[in-house]
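Below is one structure, written out as structure tokens, with a few remarks after it.
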Amino acid sequence: MPRVVSAVIRALDILELFLDHSQLSARQVMERLDLPRTTVHELLVTLEARSYLISVPGQPVQYRLGMPLFQLGAAFSGRLDLVREAQCVARDVAAACDEAVHVAVLDGANVIYLVKFDSTHPVRMVSAVGRRLPAHCTAVGKILLSGLDQASLDEVLKGDLPGMTPDSITDPDRLRAHLDQVRAESVAVDVGESDSAMRCVAAAIRDHSGTTIAGMSLSAPIIRWTPQAHVRWTGLVRDGAAALSARMGYRAQPR
């Protein structure tokens, strides 16, 4: 396991104090975190040098949060915008097919589900918002992996590829070849790779720069996954992903 860096943990502890306080002195930080004076001084100087904290002259000197933290918060709020927009689009796609529709993002070698709309059928997919699954075992994960540059993909594939079912792709070379096909078709399919009883199809969601930021998938039990349904649902998820991409500022280039 990688080693946790104690100095980083302490710096984050300092920043988190400001969730409840607008300003704090070095002594107040020392008392609340029970840290040595020298350690607190070094951390405060470092955070101030990077503008994560700003010193407010006084007796004693007070510190408050700096602009980079606002910028990080704004970046995070952009993700929240994705969730709000995704809920609107995914709801429409789910209503059109009465099957489970998900929107997920990539987090290292895993996907995290941000949005889910379930079907009304008795047989449903067991999934939940916030659940984390190996990206290579899911359709939405494979569409996201296919959008990575070579270096980022190499980083993901340098670790183990655990299988979830006997059909999961666990060989890196086979997965690379499969992702080439996903890129060519701009759609990914999960044929029992995360759940032997389920089938899924997914398409990419892009932002204003054309970068893949999320994926949308449509999932259904194998008993309802007919060839005709597969064609129709692939079109629905493509259209849904395109609609959400447009909401995120993406403009497809004319052919």
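Every chain in the structure tokens takes a letter, A first, then B, and so on in the order presented; its residues are numbered from 1, and the ligands are numbered from 1 following the presented order.
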
I want to know what sits within 10 Å of A:Ala220, based on only C-alpha atoms, with residues of the same chain fewer than 6 positions away left out; could you give that as a list in words? Cys97, Asp98, Glu99, Ala100, Val101, Asp118, Ser119, His121, Val123, Arg124, Met125, Ala197, Met198, Arg199, Cys200, Val201, Ala229, His230 and Trp233 of chain A

All residues 10 Å or closer to A:Gly210, only C-alpha atoms, same chain fewer than 3 positions away omitted, as a count of residues only: 11

Which residues are close to stretch 35-38 of chain A, i.e. within 9 Å by only C-alpha atoms, leaving aside same-chain residues fewer than 6 positions away? Reply as a list in words. Arg10, Ala26, Arg27 and Val29 of chain A

Per DSSP on the backbone, filter stretch 32-237 of chain A down to the residues in strand (DSSP E) and report them as a VMD selection string. chain A and resid 53 to 56 62 to 65 100 to 107 110 to 117 132 to 134 188 to 191 198 to 206 212 to 221

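Distances to A:Tyr113 were evaluated for A:Leu133, A:Val40, A:Gln23, A:Ser55 using only C-alpha atoms, and the minimum falls at A:Leu133.
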
Just asking: which residues within stretch 89-232 of chain A are helix (DSSP H, G or I) according to DSSP, as a CSV table (one decimal) with N, CA and C atoms, in the first residue's frame?
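selection06.csv, written as the output of this step:
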chain,number,residue,atom,x,y,z
A,89,VAL,N,-31.5,14.6,-18.4
A,89,VAL,CA,-31.4,13.8,-19.6
A,89,VAL,C,-31.7,12.3,-19.3
A,90,ALA,N,-31.0,11.8,-18.3
A,90,ALA,CA,-31.2,10.4,-18.0
A,90,ALA,C,-32.6,10.0,-17.7
A,91,ARG,N,-33.4,10.9,-17.0
A,91,ARG,CA,-34.8,10.7,-16.8
A,91,ARG,C,-35.5,10.5,-18.1
A,92,ASP,N,-35.2,11.3,-19.1
A,92,ASP,CA,-35.9,11.2,-20.4
A,92,ASP,C,-35.6,9.9,-21.1
A,93,VAL,N,-34.3,9.5,-21.0
A,93,VAL,CA,-33.9,8.3,-21.7
A,93,VAL,C,-34.6,7.1,-21.0
A,94,ALA,N,-34.6,7.1,-19.6
A,94,ALA,CA,-35.2,6.0,-18.9
A,94,ALA,C,-36.7,5.9,-19.2
A,95,ALA,N,-37.4,7.0,-19.3
A,95,ALA,CA,-38.8,7.0,-19.6
A,95,ALA,C,-39.0,6.5,-21.0
A,96,ALA,N,-38.1,6.7,-22.0
A,96,ALA,CA,-38.3,6.2,-23.3
A,96,ALA,C,-38.1,4.7,-23.5
A,97,CYS,N,-37.4,4.1,-22.5
A,97,CYS,CA,-37.1,2.6,-22.7
A,97,CYS,C,-37.6,1.8,-21.5
A,135,ALA,N,-13.7,-0.3,-13.8
A,135,ALA,CA,-14.2,0.3,-15.1
A,135,ALA,C,-14.1,-0.7,-16.2
A,136,HIS,N,-13.2,-1.6,-16.2
A,136,HIS,CA,-13.0,-2.5,-17.3
A,136,HIS,C,-14.1,-3.6,-17.4
A,137,CYS,N,-14.9,-3.7,-16.3
A,137,CYS,CA,-16.0,-4.7,-16.3
A,137,CYS,C,-17.3,-4.1,-16.7
A,139,ALA,N,-19.8,-1.3,-19.2
A,139,ALA,CA,-19.9,-0.6,-20.5
A,139,ALA,C,-19.5,0.8,-20.3
A,140,VAL,N,-20.1,1.5,-19.3
A,140,VAL,CA,-19.8,2.9,-19.1
A,140,VAL,C,-18.3,3.1,-18.7
A,141,GLY,N,-17.7,2.1,-18.0
A,141,GLY,CA,-16.3,2.2,-17.7
A,141,GLY,C,-15.4,2.1,-18.9
A,142,LYS,N,-15.8,1.2,-19.8
A,142,LYS,CA,-15.0,1.0,-21.0
A,142,LYS,C,-15.1,2.2,-22.0
A,143,ILE,N,-16.2,2.8,-22.0
A,143,ILE,CA,-16.3,4.0,-22.9
A,143,ILE,C,-15.5,5.1,-22.3
A,144,LEU,N,-15.4,5.2,-21.0
A,144,LEU,CA,-14.5,6.2,-20.3
A,144,LEU,C,-13.0,5.8,-20.5
A,145,LEU,N,-12.7,4.6,-20.4
A,145,LEU,CA,-11.3,4.2,-20.6
A,145,LEU,C,-10.9,4.5,-22.0
A,150,GLN,N,-2.8,7.7,-24.0
A,150,GLN,CA,-2.0,6.5,-23.8
A,150,GLN,C,-1.4,6.4,-22.5
A,151,ALA,N,-0.9,7.5,-22.0
A,151,ALA,CA,-0.2,7.5,-20.7
A,151,ALA,C,-1.2,7.2,-19.6
A,152,SER,N,-2.3,7.8,-19.6
A,152,SER,CA,-3.3,7.6,-18.6
A,152,SER,C,-3.9,6.2,-18.6
A,153,LEU,N,-4.1,5.6,-19.8
A,153,LEU,CA,-4.5,4.3,-19.9
A,153,LEU,C,-3.5,3.3,-19.4
A,154,ASP,N,-2.2,3.6,-19.7
A,154,ASP,CA,-1.1,2.7,-19.2
A,154,ASP,C,-1.1,2.7,-17.7
A,155,GLU,N,-1.4,3.8,-17.1
A,155,GLU,CA,-1.4,3.9,-15.6
A,155,GLU,C,-2.5,3.0,-15.1
A,156,VAL,N,-3.7,3.1,-15.7
A,156,VAL,CA,-4.8,2.2,-15.2
A,156,VAL,C,-4.5,0.7,-15.4
A,157,LEU,N,-3.9,0.4,-16.5
A,157,LEU,CA,-3.7,-1.0,-16.8
A,157,LEU,C,-2.4,-1.6,-16.2
A,172,PRO,N,-4.7,-7.4,-20.0
A,172,PRO,CA,-4.5,-6.0,-20.5
A,172,PRO,C,-4.5,-5.9,-22.0
A,173,ASP,N,-3.8,-6.8,-22.7
A,173,ASP,CA,-3.7,-6.8,-24.1
A,173,ASP,C,-5.0,-7.0,-24.8
A,174,ARG,N,-5.8,-7.9,-24.3
A,174,ARG,CA,-7.1,-8.1,-24.8
A,174,ARG,C,-8.0,-6.9,-24.6
A,175,LEU,N,-7.9,-6.2,-23.4
A,175,LEU,CA,-8.6,-5.1,-23.1
A,175,LEU,C,-8.2,-3.9,-24.1
A,176,ARG,N,-6.9,-3.7,-24.3
A,176,ARG,CA,-6.5,-2.7,-25.2
A,176,ARG,C,-7.1,-2.9,-26.6
A,177,ALA,N,-7.1,-4.1,-27.1
A,177,ALA,CA,-7.7,-4.4,-28.4
A,177,ALA,C,-9.2,-4.1,-28.4
A,178,HIS,N,-9.8,-4.4,-27.3
A,178,HIS,CA,-11.3,-4.2,-27.2
A,178,HIS,C,-11.6,-2.7,-27.2
A,179,LEU,N,-10.7,-1.9,-26.5
A,179,LEU,CA,-11.0,-0.5,-26.4
A,179,LEU,C,-10.7,0.2,-27.8
A,180,ASP,N,-9.9,-0.4,-28.6
A,180,ASP,CA,-9.7,0.1,-29.9
A,180,ASP,C,-11.0,0.0,-30.7
A,181,GLN,N,-11.7,-1.1,-30.5
A,181,GLN,CA,-13.0,-1.3,-31.1
A,181,GLN,C,-14.1,-0.4,-30.6
A,182,VAL,N,-14.0,-0.1,-29.3
A,182,VAL,CA,-14.9,0.8,-28.7
A,182,VAL,C,-14.7,2.2,-29.3
A,183,ARG,N,-13.5,2.7,-29.4
A,183,ARG,CA,-13.2,4.0,-30.0
A,183,ARG,C,-13.8,4.1,-31.4
A,184,ALA,N,-13.6,3.0,-32.2
A,184,ALA,CA,-14.0,3.0,-33.6
A,184,ALA,C,-15.5,3.1,-33.7
A,185,GLU,N,-16.2,2.4,-32.7
A,185,GLU,CA,-17.7,2.4,-32.8
A,185,GLU,C,-18.4,3.5,-32.0
A,222,ILE,N,-30.9,-9.8,-19.3
A,222,ILE,CA,-30.7,-10.5,-20.6
A,222,ILE,C,-32.0,-11.0,-21.2
A,223,ILE,N,-33.0,-11.2,-20.3
A,223,ILE,CA,-34.3,-11.7,-20.8
A,223,ILE,C,-35.0,-10.6,-21.6
A,224,ARG,N,-34.7,-9.4,-21.5
A,224,ARG,CA,-35.3,-8.3,-22.2
A,224,ARG,C,-34.3,-7.8,-23.3
A,227,PRO,N,-32.2,-8.6,-29.9
A,227,PRO,CA,-31.5,-7.9,-31.0
A,227,PRO,C,-32.2,-6.6,-31.3
A,228,GLN,N,-33.5,-6.6,-31.4
A,228,GLN,CA,-34.2,-5.4,-31.8
A,228,GLN,C,-34.1,-4.3,-30.7
A,229,ALA,N,-34.2,-4.8,-29.4
A,229,ALA,CA,-34.0,-3.8,-28.3
A,229,ALA,C,-32.6,-3.3,-28.3
A,230,HIS,N,-31.6,-4.1,-28.5
A,230,HIS,CA,-30.2,-3.7,-28.5
A,230,HIS,C,-30.0,-2.5,-29.5
A,231,VAL,N,-30.6,-2.6,-30.7
A,231,VAL,CA,-30.4,-1.6,-31.7
A,231,VAL,C,-31.1,-0.3,-31.2
A,232,ARG,N,-32.3,-0.4,-30.8
A,232,ARG,CA,-33.1,0.7,-30.3
A,232,ARG,C,-32.4,1.4,-29.1

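Considering only C-alpha atoms, the residue among A:Met164, A:Leu53, A:Val111, A:Ala242 positioned nearest to A:Arg131 is A:Val111.
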
Could you list, as an NGL selection string, every residue within 7 Å of stretch 86-88 of chain A, counting only C-alpha atoms and ignoring same-chain residues fewer than 6 positions away? :A and (103 or 115 or 244)

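Using only C-alpha atoms, the nearest neighbour of A:Asn110 within the list A:Met30, A:Leu161, A:Val56, A:Ala246 is A:Leu161.
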
Selection: 12 Å around stretch 68-71 of chain A, only C-alpha atoms, excl. self and same-chain fewer than 2 positions, as a ChimeraX atom specification: /A:12,15-16,18-19,47-54,64-66,73-78

Writer output for current selection, N, CA, C and O atoms, as a PDB file, in the first residue's frame:
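What ended up in part_11.pdb:
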ATOM      1  N   LEU A  12      -4.008  19.473   5.376  1.00  0.00           N
ATOM      2  CA  LEU A  12      -5.445  19.388   5.117  1.00  0.00           C
ATOM      3  C   LEU A  12      -6.251  19.596   6.400  1.00  0.00           C
ATOM      4  O   LEU A  12      -7.319  20.210   6.381  1.00  0.00           O
ATOM      5  N   LEU A  15      -6.535  23.296   6.850  1.00  0.00           N
ATOM      6  CA  LEU A  15      -7.509  23.901   5.948  1.00  0.00           C
ATOM      7  C   LEU A  15      -8.933  23.596   6.393  1.00  0.00           C
ATOM      8  O   LEU A  15      -9.824  24.449   6.312  1.00  0.00           O
ATOM      9  N   GLU A  16      -9.159  22.385   6.871  1.00  0.00           N
ATOM     10  CA  GLU A  16     -10.513  21.999   7.278  1.00  0.00           C
ATOM     11  C   GLU A  16     -10.979  22.726   8.537  1.00  0.00           C
ATOM     12  O   GLU A  16     -12.191  22.812   8.788  1.00  0.00           O
ATOM     13  N   PHE A  18     -10.948  25.777   8.801  1.00  0.00           N
ATOM     14  CA  PHE A  18     -11.608  26.985   8.316  1.00  0.00           C
ATOM     15  C   PHE A  18     -13.029  26.725   7.815  1.00  0.00           C
ATOM     16  O   PHE A  18     -13.725  27.654   7.407  1.00  0.00           O
ATOM     17  N   LEU A  19     -13.465  25.475   7.864  1.00  0.00           N
ATOM     18  CA  LEU A  19     -14.863  25.192   7.572  1.00  0.00           C
ATOM     19  C   LEU A  19     -15.768  25.797   8.641  1.00  0.00           C
ATOM     20  O   LEU A  19     -16.917  26.141   8.374  1.00  0.00           O
ATOM     21  N   LEU A  47       1.449  26.951   3.136  1.00  0.00           N
ATOM     22  CA  LEU A  47       0.117  27.209   2.595  1.00  0.00           C
ATOM     23  C   LEU A  47      -0.030  28.663   2.156  1.00  0.00           C
ATOM     24  O   LEU A  47      -0.686  28.950   1.142  1.00  0.00           O
ATOM     25  N   GLU A  48       0.599  29.553   2.889  1.00  0.00           N
ATOM     26  CA  GLU A  48       0.550  30.966   2.509  1.00  0.00           C
ATOM     27  C   GLU A  48       1.355  31.210   1.234  1.00  0.00           C
ATOM     28  O   GLU A  48       0.956  31.999   0.367  1.00  0.00           O
ATOM     29  N   ALA A  49       2.490  30.524   1.097  1.00  0.00           N
ATOM     30  CA  ALA A  49       3.322  30.688  -0.101  1.00  0.00           C
ATOM     31  C   ALA A  49       2.575  30.263  -1.359  1.00  0.00           C
ATOM     32  O   ALA A  49       2.806  30.813  -2.438  1.00  0.00           O
ATOM     33  N   ARG A  50       1.668  29.293  -1.237  1.00  0.00           N
ATOM     34  CA  ARG A  50       0.867  28.840  -2.380  1.00  0.00           C
ATOM     35  C   ARG A  50      -0.488  29.538  -2.439  1.00  0.00           C
ATOM     36  O   ARG A  50      -1.332  29.186  -3.259  1.00  0.00           O
ATOM     37  N   SER A  51      -0.700  30.507  -1.563  1.00  0.00           N
ATOM     38  CA  SER A  51      -1.926  31.330  -1.511  1.00  0.00           C
ATOM     39  C   SER A  51      -3.164  30.564  -1.080  1.00  0.00           C
ATOM     40  O   SER A  51      -4.282  31.048  -1.237  1.00  0.00           O
ATOM     41  N   TYR A  52      -2.977  29.353  -0.508  1.00  0.00           N
ATOM     42  CA  TYR A  52      -4.135  28.650   0.031  1.00  0.00           C
ATOM     43  C   TYR A  52      -4.598  29.296   1.326  1.00  0.00           C
ATOM     44  O   TYR A  52      -5.759  29.148   1.728  1.00  0.00           O
ATOM     45  N   LEU A  53      -3.685  30.004   1.989  1.00  0.00           N
ATOM     46  CA  LEU A  53      -4.033  30.822   3.127  1.00  0.00           C
ATOM     47  C   LEU A  53      -3.474  32.225   2.903  1.00  0.00           C
ATOM     48  O   LEU A  53      -2.428  32.385   2.259  1.00  0.00           O
ATOM     49  N   ILE A  54      -4.169  33.209   3.445  1.00  0.00           N
ATOM     50  CA  ILE A  54      -3.723  34.603   3.360  1.00  0.00           C
ATOM     51  C   ILE A  54      -3.592  35.135   4.781  1.00  0.00           C
ATOM     52  O   ILE A  54      -4.500  34.949   5.602  1.00  0.00           O
ATOM     53  N   ARG A  64      -6.721  33.518   6.805  1.00  0.00           N
ATOM     54  CA  ARG A  64      -8.014  33.168   6.201  1.00  0.00           C
ATOM     55  C   ARG A  64      -7.764  32.440   4.892  1.00  0.00           C
ATOM     56  O   ARG A  64      -6.648  32.435   4.374  1.00  0.00           O
ATOM     57  N   LEU A  65      -8.800  31.834   4.355  1.00  0.00           N
ATOM     58  CA  LEU A  65      -8.665  31.042   3.128  1.00  0.00           C
ATOM     59  C   LEU A  65      -8.345  31.927   1.929  1.00  0.00           C
ATOM     60  O   LEU A  65      -8.828  33.054   1.816  1.00  0.00           O
ATOM     61  N   GLY A  66      -7.547  31.370   0.991  1.00  0.00           N
ATOM     62  CA  GLY A  66      -7.144  32.102  -0.197  1.00  0.00           C
ATOM     63  C   GLY A  66      -7.918  31.701  -1.439  1.00  0.00           C
ATOM     64  O   GLY A  66      -8.726  30.759  -1.439  1.00  0.00           O
ATOM     65  N   GLY A  73     -13.222  24.904  -5.381  1.00  0.00           N
ATOM     66  CA  GLY A  73     -14.653  24.752  -5.143  1.00  0.00           C
ATOM     67  C   GLY A  73     -15.471  24.986  -6.391  1.00  0.00           C
ATOM     68  O   GLY A  73     -16.463  24.296  -6.643  1.00  0.00           O
ATOM     69  N   ALA A  74     -15.043  25.964  -7.194  1.00  0.00           N
ATOM     70  CA  ALA A  74     -15.748  26.233  -8.447  1.00  0.00           C
ATOM     71  C   ALA A  74     -15.620  25.055  -9.400  1.00  0.00           C
ATOM     72  O   ALA A  74     -16.575  24.699 -10.099  1.00  0.00           O
ATOM     73  N   ALA A  75     -14.432  24.448  -9.415  1.00  0.00           N
ATOM     74  CA  ALA A  75     -14.247  23.268 -10.267  1.00  0.00           C
ATOM     75  C   ALA A  75     -15.145  22.132  -9.811  1.00  0.00           C
ATOM     76  O   ALA A  75     -15.738  21.411 -10.617  1.00  0.00           O
ATOM     77  N   PHE A  76     -15.282  21.965  -8.505  1.00  0.00           N
ATOM     78  CA  PHE A  76     -16.160  20.931  -7.980  1.00  0.00           C
ATOM     79  C   PHE A  76     -17.620  21.220  -8.303  1.00  0.00           C
ATOM     80  O   PHE A  76     -18.394  20.320  -8.619  1.00  0.00           O
ATOM     81  N   SER A  77     -17.994  22.488  -8.233  1.00  0.00           N
ATOM     82  CA  SER A  77     -19.379  22.840  -8.536  1.00  0.00           C
ATOM     83  C   SER A  77     -19.710  22.528  -9.987  1.00  0.00           C
ATOM     84  O   SER A  77     -20.857  22.247 -10.332  1.00  0.00           O
ATOM     85  N   GLY A  78     -18.686  22.562 -10.851  1.00  0.00           N
ATOM     86  CA  GLY A  78     -18.904  22.169 -12.236  1.00  0.00           C
ATOM     87  C   GLY A  78     -19.344  20.724 -12.335  1.00  0.00           C
ATOM     88  O   GLY A  78     -20.178  20.370 -13.161  1.00  0.00           O
TER      89      GLY A  78
END

Kindly indicate which residue among A:Val105, A:Pro2, A:His208, A:Glu42 lies nearest to A:Ile14, using only C-alpha atoms for the distances.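 Selected residue with least distance to A:Ile14: A:Glu42.
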
Among the residues A:Arg238, A:Lys158, A:Arg32, A:Arg247, the one that comes closest to A:Gly108 [using only C-alpha atoms]: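 Nearest to A:Gly108: A:Lys158.
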
Quick one: distance from atom CA of A:Val191 to atom CA of A:Asp167 in Å, one decimal?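 Taking atom CA of A:Val191 as the start and atom CA of A:Asp167 as the end point, the length is 7.6 Å.
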